[in-house]
Every structure is written in C-alpha cells, then in structure tokens.
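Structure file data05.pdb (PDB, C-alpha atoms and all ligand atoms) is printed below.
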```pdb
ATOM      1  CA  MET A   1      10.053 -57.150  17.792
ATOM      2  CA  ARG A   2      10.373 -53.654  16.286
ATOM      3  CA  ASN A   3      13.759 -54.458  14.773
ATOM      4  CA  ARG A   4      12.880 -57.909  13.541
ATOM      5  CA  THR A   5       9.607 -57.013  11.838
ATOM      6  CA  ASN A   6       9.622 -55.651   8.314
ATOM      7  CA  TRP A   7       7.024 -52.975   9.036
ATOM      8  CA  PRO A   8       6.556 -51.610   5.518
ATOM      9  CA  GLU A   9       5.581 -55.144   4.512
ATOM     10  CA  ALA A  10       3.680 -55.969   7.706
ATOM     11  CA  MET A  11       1.525 -52.833   7.364
ATOM     12  CA  ARG A  12       0.244 -53.669   3.878
ATOM     13  CA  PRO A  13      -2.794 -55.767   4.871
ATOM     14  CA  LEU A  14      -3.925 -53.015   7.258
ATOM     15  CA  LEU A  15      -3.407 -50.320   4.620
ATOM     16  CA  LYS A  16      -5.364 -52.417   2.131
ATOM     17  CA  LYS A  17      -8.248 -52.951   4.546
ATOM     18  CA  TYR A  18      -8.792 -49.268   5.280
ATOM     19  CA  GLN A  19      -7.584 -47.706   2.026
ATOM     20  CA  GLY A  20      -9.766 -44.720   1.123
ATOM     21  CA  LYS A  21     -12.125 -45.201   4.085
ATOM     22  CA  LYS A  22     -13.760 -41.906   4.942
ATOM     23  CA  HIS A  23     -13.017 -40.271   8.285
ATOM     24  CA  PRO A  24     -15.961 -40.617  10.708
ATOM     25  CA  LEU A  25     -16.275 -36.823  10.917
ATOM     26  CA  GLU A  26     -18.897 -35.626   8.426
ATOM     27  CA  PHE A  27     -18.178 -32.698   6.098
ATOM     28  CA  GLU A  28     -19.155 -31.541   2.634
ATOM     29  CA  ASN A  29     -16.288 -29.216   1.783
ATOM     30  CA  LEU A  30     -12.915 -28.002   2.959
ATOM     31  CA  TYR A  31     -14.371 -25.257   5.156
ATOM     32  CA  GLN A  32     -16.584 -27.747   6.994
ATOM     33  CA  LEU A  33     -13.655 -30.161   7.278
ATOM     34  CA  ILE A  34     -11.487 -27.577   9.059
ATOM     35  CA  VAL A  35     -14.314 -26.622  11.411
ATOM     36  CA  VAL A  36     -15.185 -30.185  12.442
ATOM     37  CA  VAL A  37     -11.532 -31.131  12.884
ATOM     38  CA  VAL A  38     -10.906 -28.147  15.174
ATOM     39  CA  LEU A  39     -14.088 -28.876  17.139
ATOM     40  CA  SER A  40     -13.345 -32.591  17.496
ATOM     41  CA  ALA A  41     -10.232 -32.309  19.682
ATOM     42  CA  ARG A  42     -11.100 -34.159  22.917
ATOM     43  CA  SER A  43     -14.746 -34.499  21.825
ATOM     44  CA  THR A  44     -16.271 -37.503  20.073
ATOM     45  CA  ASP A  45     -16.725 -37.483  16.302
ATOM     46  CA  ALA A  46     -20.349 -38.582  16.726
ATOM     47  CA  TYR A  47     -21.146 -35.606  18.944
ATOM     48  CA  ILE A  48     -19.478 -33.152  16.563
ATOM     49  CA  ASN A  49     -21.459 -34.666  13.670
ATOM     50  CA  SER A  50     -24.661 -34.140  15.645
ATOM     51  CA  ILE A  51     -24.121 -30.432  16.365
ATOM     52  CA  ALA A  52     -22.300 -29.287  13.199
ATOM     53  CA  PRO A  53     -25.283 -29.009  10.804
ATOM     54  CA  LYS A  54     -26.899 -26.251  12.904
ATOM     55  CA  LEU A  55     -23.594 -24.370  13.055
ATOM     56  CA  PHE A  56     -23.115 -24.667   9.279
ATOM     57  CA  ALA A  57     -26.669 -23.468   8.625
ATOM     58  CA  VAL A  58     -25.778 -20.157  10.264
ATOM     59  CA  PHE A  59     -22.083 -20.017   9.363
ATOM     60  CA  PRO A  60     -21.755 -21.637   5.924
ATOM     61  CA  ASN A  61     -18.245 -20.439   5.029
ATOM     62  CA  MET A  62     -15.078 -18.665   6.185
ATOM     63  CA  GLU A  63     -16.528 -15.263   5.230
ATOM     64  CA  SER A  64     -19.443 -15.711   7.636
ATOM     65  CA  LEU A  65     -17.143 -16.821  10.474
ATOM     66  CA  ALA A  66     -14.732 -13.964   9.827
ATOM     67  CA  ALA A  67     -17.549 -11.468  10.354
ATOM     68  CA  VAL A  68     -18.356 -12.415  13.960
ATOM     69  CA  GLN A  69     -16.834 -12.539  17.436
ATOM     70  CA  PRO A  70     -16.210 -15.961  19.056
ATOM     71  CA  GLU A  71     -19.232 -15.511  21.354
ATOM     72  CA  ALA A  72     -21.562 -15.706  18.342
ATOM     73  CA  LEU A  73     -20.629 -19.380  18.018
ATOM     74  CA  PHE A  74     -21.260 -20.315  21.642
ATOM     75  CA  PRO A  75     -24.969 -21.242  21.265
ATOM     76  CA  TYR A  76     -24.008 -23.836  18.624
ATOM     77  CA  LEU A  77     -21.149 -25.422  20.571
ATOM     78  CA  ALA A  78     -22.944 -26.583  23.714
ATOM     79  CA  GLY A  79     -21.377 -29.674  25.256
ATOM     80  CA  ILE A  80     -18.124 -29.418  23.292
ATOM     81  CA  THR A  81     -14.929 -29.681  25.333
ATOM     82  CA  ASN A  82     -13.021 -26.394  25.436
ATOM     83  CA  PHE A  83     -15.721 -24.732  23.309
ATOM     84  CA  ALA A  84     -14.759 -21.124  24.116
ATOM     85  CA  ASN A  85     -11.191 -21.587  22.900
ATOM     86  CA  LYS A  86     -12.387 -23.515  19.863
ATOM     87  CA  ALA A  87     -14.743 -20.647  18.976
ATOM     88  CA  LYS A  88     -11.819 -18.254  19.364
ATOM     89  CA  TRP A  89      -9.582 -20.399  17.136
ATOM     90  CA  LEU A  90     -12.242 -20.788  14.449
ATOM     91  CA  THR A  91     -12.971 -17.068  14.185
ATOM     92  CA  ALA A  92      -9.216 -16.346  14.227
ATOM     93  CA  ILE A  93      -8.657 -18.882  11.431
ATOM     94  CA  ALA A  94     -11.452 -17.270   9.428
ATOM     95  CA  ALA A  95     -10.063 -13.775  10.041
ATOM     96  CA  ARG A  96      -6.719 -14.945   8.723
ATOM     97  CA  VAL A  97      -7.875 -17.107   5.797
ATOM     98  CA  LYS A  98     -10.803 -14.831   4.825
ATOM     99  CA  THR A  99     -12.353 -17.014   2.091
ATOM    100  CA  ASP A 100     -12.791 -20.765   1.549
ATOM    101  CA  LYS A 101     -10.686 -20.527  -1.609
ATOM    102  CA  GLN A 102      -7.712 -19.294   0.408
ATOM    103  CA  ILE A 103      -7.670 -22.195   2.867
ATOM    104  CA  PRO A 104      -4.069 -23.448   2.748
ATOM    105  CA  LEU A 105      -3.426 -27.064   1.861
ATOM    106  CA  SER A 106       0.060 -27.769   3.109
ATOM    107  CA  LEU A 107       1.056 -29.091   6.507
ATOM    108  CA  GLU A 108       3.402 -26.172   7.043
ATOM    109  CA  LYS A 109       0.706 -23.545   6.418
ATOM    110  CA  LEU A 110      -2.069 -25.389   8.245
ATOM    111  CA  ILE A 111      -0.117 -25.689  11.503
ATOM    112  CA  GLU A 112       0.398 -21.913  11.474
ATOM    113  CA  LEU A 113      -3.369 -21.542  12.003
ATOM    114  CA  PRO A 114      -4.686 -21.321  15.588
ATOM    115  CA  GLY A 115      -6.003 -24.565  17.049
ATOM    116  CA  ILE A 116      -4.440 -26.732  14.339
ATOM    117  CA  GLY A 117      -1.545 -29.001  15.304
ATOM    118  CA  ARG A 118       0.134 -31.693  13.248
ATOM    119  CA  LYS A 119      -2.549 -34.303  13.916
ATOM    120  CA  SER A 120      -5.345 -31.985  12.794
ATOM    121  CA  ALA A 121      -3.347 -30.842   9.774
ATOM    122  CA  ASN A 122      -2.684 -34.450   8.758
ATOM    123  CA  VAL A 123      -6.409 -35.257   9.106
ATOM    124  CA  ILE A 124      -7.348 -32.170   7.043
ATOM    125  CA  LEU A 125      -4.882 -33.043   4.273
ATOM    126  CA  ARG A 126      -6.221 -36.593   4.127
ATOM    127  CA  GLY A 127      -9.837 -35.380   4.074
ATOM    128  CA  ALA A 128      -8.932 -33.000   1.253
ATOM    129  CA  GLY A 129      -7.461 -35.901  -0.735
ATOM    130  CA  LYS A 130      -3.888 -34.615  -0.542
ATOM    131  CA  LYS A 131      -0.752 -36.723  -0.301
ATOM    132  CA  PRO A 132       0.216 -37.300   3.354
ATOM    133  CA  GLU A 133       2.978 -35.042   4.640
ATOM    134  CA  GLY A 134       3.060 -36.834   7.978
ATOM    135  CA  VAL A 135       1.407 -39.691   9.858
ATOM    136  CA  ILE A 136      -1.841 -39.161  11.755
ATOM    137  CA  VAL A 137      -1.255 -39.880  15.446
ATOM    138  CA  ASP A 138      -4.543 -39.619  17.297
ATOM    139  CA  VAL A 139      -5.720 -41.132  20.567
ATOM    140  CA  HIS A 140      -6.261 -44.518  18.886
ATOM    141  CA  VAL A 141      -2.826 -44.586  17.252
ATOM    142  CA  LEU A 142      -1.254 -43.685  20.615
ATOM    143  CA  ARG A 143      -2.724 -46.958  21.909
ATOM    144  CA  VAL A 144      -2.363 -49.215  18.838
ATOM    145  CA  ALA A 145       1.140 -48.417  17.564
ATOM    146  CA  PRO A 146       3.010 -49.314  20.786
ATOM    147  CA  ARG A 147       0.892 -52.448  21.147
ATOM    148  CA  LEU A 148       1.852 -53.531  17.642
ATOM    149  CA  GLY A 149       5.476 -52.838  18.522
ATOM    150  CA  ILE A 150       6.124 -50.535  15.552
ATOM    151  CA  VAL A 151       7.096 -47.776  18.024
ATOM    152  CA  LYS A 152       8.240 -47.512  21.612
ATOM    153  CA  GLU A 153       7.498 -43.792  21.816
ATOM    154  CA  MET A 154       4.351 -42.935  23.788
ATOM    155  CA  ASP A 155       3.925 -39.228  22.921
ATOM    156  CA  ALA A 156       2.403 -37.973  19.673
ATOM    157  CA  GLY A 157       5.351 -35.908  18.387
ATOM    158  CA  PRO A 158       8.125 -38.487  18.814
ATOM    159  CA  MET A 159       5.724 -41.270  17.762
ATOM    160  CA  GLU A 160       4.928 -39.540  14.468
ATOM    161  CA  GLU A 161       8.631 -38.919  13.847
ATOM    162  CA  ARG A 162       9.380 -42.591  14.417
ATOM    163  CA  LEU A 163       6.538 -43.766  12.179
ATOM    164  CA  MET A 164       7.768 -41.460   9.406
ATOM    165  CA  LYS A 165      11.191 -43.095   9.683
ATOM    166  CA  VAL A 166       9.991 -46.703   9.910
ATOM    167  CA  LEU A 167       7.472 -46.433   7.058
ATOM    168  CA  PRO A 168       8.063 -45.092   3.538
ATOM    169  CA  PRO A 169       6.042 -41.982   2.544
ATOM    170  CA  ASP A 170       3.676 -44.035   0.396
ATOM    171  CA  GLU A 171       2.625 -45.857   3.608
ATOM    172  CA  TRP A 172       2.022 -42.799   5.779
ATOM    173  CA  GLU A 173      -1.691 -43.490   5.458
ATOM    174  CA  ALA A 174      -0.888 -46.150   8.098
ATOM    175  CA  GLY A 175      -1.739 -43.597  10.798
ATOM    176  CA  MET A 176      -5.389 -43.444   9.799
ATOM    177  CA  ALA A 177      -5.397 -47.214   9.198
ATOM    178  CA  MET A 178      -4.178 -47.795  12.775
ATOM    179  CA  SER A 179      -6.777 -45.299  13.976
ATOM    180  CA  PHE A 180      -9.552 -47.292  12.278
ATOM    181  CA  LEU A 181      -8.128 -50.524  13.738
ATOM    182  CA  GLY A 182      -8.168 -48.868  17.160
ATOM    183  CA  ARG A 183     -11.803 -47.825  16.758
ATOM    184  CA  GLU A 184     -13.004 -51.236  15.546
ATOM    185  CA  ILE A 185     -10.720 -53.991  16.910
ATOM    186  CA  CYS A 186      -7.797 -52.751  18.990
ATOM    187  CA  MET A 187      -9.988 -50.952  21.485
ATOM    188  CA  PRO A 188      -8.868 -50.462  25.093
ATOM    189  CA  LYS A 189      -9.974 -54.094  25.514
ATOM    190  CA  PRO A 190      -8.620 -55.497  22.235
ATOM    191  CA  LYS A 191     -10.226 -58.265  20.152
ATOM    192  CA  CYS A 192      -6.897 -59.841  19.263
ATOM    193  CA  ASP A 193      -8.247 -63.151  17.993
ATOM    194  CA  SER A 194     -10.104 -61.393  15.179
ATOM    195  CA  CYS A 195      -7.338 -58.888  14.382
ATOM    196  CA  LEU A 196      -5.584 -59.097  11.012
ATOM    197  CA  MET A 197      -2.373 -57.791  12.602
ATOM    198  CA  ASN A 198      -2.068 -60.474  15.282
ATOM    199  CA  LYS A 199       0.722 -62.338  13.473
ATOM    200  CA  VAL A 200       3.062 -59.344  13.765
ATOM    201  CA  CYS A 201       1.740 -57.790  16.968
ATOM    202  CA  LEU A 202       4.067 -57.527  19.977
ATOM    203  CA  TYR A 203       1.191 -57.356  22.482
ATOM    204  CA  TYR A 204      -0.407 -60.480  21.015
ATOM    205  CA  SER A 205       2.895 -62.393  20.951
ATOM    206  CA  ARG A 206       3.292 -61.640  24.669
ATOM    207  CA  LEU A 207      -0.259 -62.789  25.379
ATOM    208  CA  LYS A 208       0.538 -66.137  23.773
ATOM    209  CA  LYS A 209       3.628 -66.794  25.917
TER
HETATM  210  S1  LIG A 301      -3.442 -58.211  17.867
HETATM  211 FE1  LIG A 301      -4.587 -57.281  19.553
HETATM  212  S2  LIG A 301      -3.231 -55.773  20.519
HETATM  213 FE2  LIG A 301      -2.392 -56.329  18.504
HETATM  214  S3  LIG A 301      -3.151 -54.755  17.117
HETATM  215 FE3  LIG A 301      -4.563 -56.467  17.005
HETATM  216  S4  LIG A 301      -6.157 -56.052  18.522
HETATM  217 FE4  LIG A 301      -4.420 -54.695  18.946
END
```
Please express the file's structure as structure tokens.
Ligand code: SF4
Amino acid sequence: MRNRTNWPEAMRPLLKKYQGKKHPLEFENLYQLIVVVVLSARSTDAYINSIAPKLFAVFPNMESLAAVQPEALFPYLAGITNFANKAKWLTAIAARVKTDKQIPLSLEKLIELPGIGRKSANVILRGAGKKPEGVIVDVHVLRVAPRLGIVKEMDAGPMEERLMKVLPPDEWEAGMAMSFLGREICMPKPKCDSCLMNKVCLYYSRLKK
C-alpha cells in the first residue's frame, strides 16, 4: 500500500481539515509555549492546561525561572509525570536562554536545550508560527501513521525520517494533522467509517477484506 499510494496527494484532505488548528496546549507567548510543551511529555494536555496558570502567575517569564532552583517549581507541578526532572530542565533552559527574547527558534538550537527533543521542538516551532523543519511524531502519530500505511517504522526517530522523505516539506504539517486525527477519529478503537482517510488507509482496506 505504501508504494502504491501517492501520499503527497492522499494527505491533502487531512491537511486541509486541520490546517491552522491550534494545539490543545494553552499558551499566550513563546515562553509559556516552551514550558507547557516540556511539562506535557507523558502527561495529558488537559492536565497541563489546568495547572499552568498558577505556575505562570508566579513565574511569568524566563528571567523569573532563571532566578530559582528546580525545587521552587515543585508545588506547582503536583501530579505531573516526571515533575522533578521537568523542573530541572525548565530552570536549566531558563539559565541558558536568560530572557524570553533570546528563546531560539530553530530546530537545531531548540534540541540543544534540556528536556526538548525533536517532537517538542517541532511542536514549539509550529506553535510559534514557524515553517516546519521536521514532522511532529507524537503518541497519536505513532499509532495513526502505520495504520494508514504511510510508514512501516514504529519508532519516532525513523518514523519522522520516513515521513520527511515520503512527504514534501510543504506537507510536513501532516504530523500535527495525523495527531489531530488520532485524537478525534483514529483513537485506539478507531472510527473508520467516519474517517476521511479511509479510502487510502491500509488498516481499513484490511478490515474490508
Ligand atoms: S480509516 Fe480507520 S484506521 Fe485508518 S486512519 Fe481512519 S480511523 Fe484510522
């Protein structure tokens, strides 16, 4: 299926559907975006949205985070997976970046910061309105992309590499589009009959046999 499907063409309806749709994480500026993205790894976006306002009331910018030790963040991170390391990463990022104005906006520079891998960097660049430098591969994309048949790879790194080869750069937003599809339709128990990708989907074609 992967070889027979023209994926750049097949992806267009999905890209159109989710074009410009805001990430479920809530943020008002680049500083807040970085913080919520770092906090959200292996935690739900809804939970991060619920705790972040209290954190931002006390720590409104990089300068305020740079001035404290990780432990100062602990009272605001209750219930977050891996919160102690995340507090350490956030204060280390702030110590390095120093001010909001100096937050880097390239994939290469972002992944040099503690706690930020390619997925997070891709999400940050998208949230900042920058051109994609890679394809977002999150937990939803890890499920959706192999089901569609656009990739066979099951791990994030090789999967992103494959997606960047199969799709042209102006379609790299497909990562977030697949993520939205995974949140709304292609959930662990997929709603294939109401999915706009079912005509090209490998999983669906197998279901129909
Ligand atoms: S057709 Fe089904 S398995 Fe395929 S992408 Fe849509 S919901 Fe997922």
Subject >> Contacts of Thr99 (chain A) within 8 Å, only C-alpha atoms, excl. fewer than 5 positions in-chain, as a PyMOL selection string >> reply: chain A and resi 61-63+94
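The environment of region 55-57 of chain A within 10 Å, counting only C-alpha atoms and disregarding residues fewer than 5 places along the same chain, consists of Phe27, Tyr31, Gln32, Val35, Ser64, Leu65, Leu73, Phe74, Pro75, Tyr76 and Leu77 of chain A.
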Include C-alpha atoms and write out the residues we just selected as a PDB file, in the frame of the given file.
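Below is the file selection-v1.pdb, written as the result:
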```pdb
ATOM      1  CA  PHE A  27     -18.178 -32.698   6.098  1.00  0.00           C
ATOM      2  CA  TYR A  31     -14.371 -25.257   5.156  1.00  0.00           C
ATOM      3  CA  GLN A  32     -16.584 -27.747   6.994  1.00  0.00           C
ATOM      4  CA  VAL A  35     -14.314 -26.622  11.411  1.00  0.00           C
ATOM      5  CA  SER A  64     -19.443 -15.711   7.636  1.00  0.00           C
ATOM      6  CA  LEU A  65     -17.143 -16.821  10.474  1.00  0.00           C
ATOM      7  CA  LEU A  73     -20.629 -19.380  18.018  1.00  0.00           C
ATOM      8  CA  PHE A  74     -21.260 -20.315  21.642  1.00  0.00           C
ATOM      9  CA  PRO A  75     -24.969 -21.242  21.265  1.00  0.00           C
ATOM     10  CA  TYR A  76     -24.008 -23.836  18.624  1.00  0.00           C
ATOM     11  CA  LEU A  77     -21.149 -25.422  20.571  1.00  0.00           C
TER      12      LEU A  77
END
```
**OP:** Do a neighbour search on region 135-139 of chain A at 8 Å with only C-alpha atoms, toss out local chain neighbours closer than 6 positions, and write the hits as number ranges by chain.
**Re:** A: 118-119, 122-123, 156, 159-160, 163-164, 172-176, 179
Original post:
So what does the PyMOL selection byres (((not hetatm)) within 12 of (chain A and resi 301)) actually pick up in this one, as a ChimeraX atom specification?
Top reply: /A:10-11,14,140-150,177-208
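Going from CA of Ser120 (chain A) over to CA of Leu105 (chain A), you cover 12.1 Å.
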Name all residues at most 7 Å from region 113-116 of chain A (count only C-alpha atoms; drop same-chain ones fewer than 6 positions away) and give them as a compact mmCIF listing (two decimals) with C-alpha atoms, in the frame of the given file.
```txt
# COMPACT_ATOMS: atom_id res chain seq x y z
CA VAL A 38 -10.91 -28.15 15.17
CA TRP A 89 -9.58 -20.40 17.14
CA ALA A 92 -9.22 -16.35 14.23
CA ILE A 93 -8.66 -18.88 11.43
```
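Among the candidates A:Lys16, A:Arg162, A:His23, A:Arg96, the residue lying nearest to Val36 (chain A) is A:His23 (atoms considered: only C-alpha atoms).
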Subject >> Point-to-point distance from CA of Arg42 (chain A) to CA of Thr81 (chain A), Å rounded to tenths >> reply: 6.4 Å
Just say which residues the PyMOL selection byres (((chain A and resi 70) around 7) and not hetatm) picks in this file, as a PDB file with C-alpha atoms, keeping the file's coordinate frame.
```
ATOM      1  CA  VAL A  68     -18.356 -12.415  13.960  1.00  0.00           C
ATOM      2  CA  GLN A  69     -16.834 -12.539  17.436  1.00  0.00           C
ATOM      3  CA  GLU A  71     -19.232 -15.511  21.354  1.00  0.00           C
ATOM      4  CA  ALA A  72     -21.562 -15.706  18.342  1.00  0.00           C
ATOM      5  CA  LEU A  73     -20.629 -19.380  18.018  1.00  0.00           C
ATOM      6  CA  ALA A  87     -14.743 -20.647  18.976  1.00  0.00           C
ATOM      7  CA  LYS A  88     -11.819 -18.254  19.364  1.00  0.00           C
ATOM      8  CA  THR A  91     -12.971 -17.068  14.185  1.00  0.00           C
TER       9      THR A  91
END
```
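Distance-wise, CA of Thr44 (chain A) and CA of Gly79 (chain A) end up 10.7 Å apart.
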Listed atoms of region 23-36 of chain A boxed axis-aligned with 8 Å per side, centre + edges as AutoDock Vina command-line options:
```
--center_x -15.3 --center_y -32.9 --center_z 7.1 --size_x 23.7 --size_y 31.4 --size_z 26.7
```
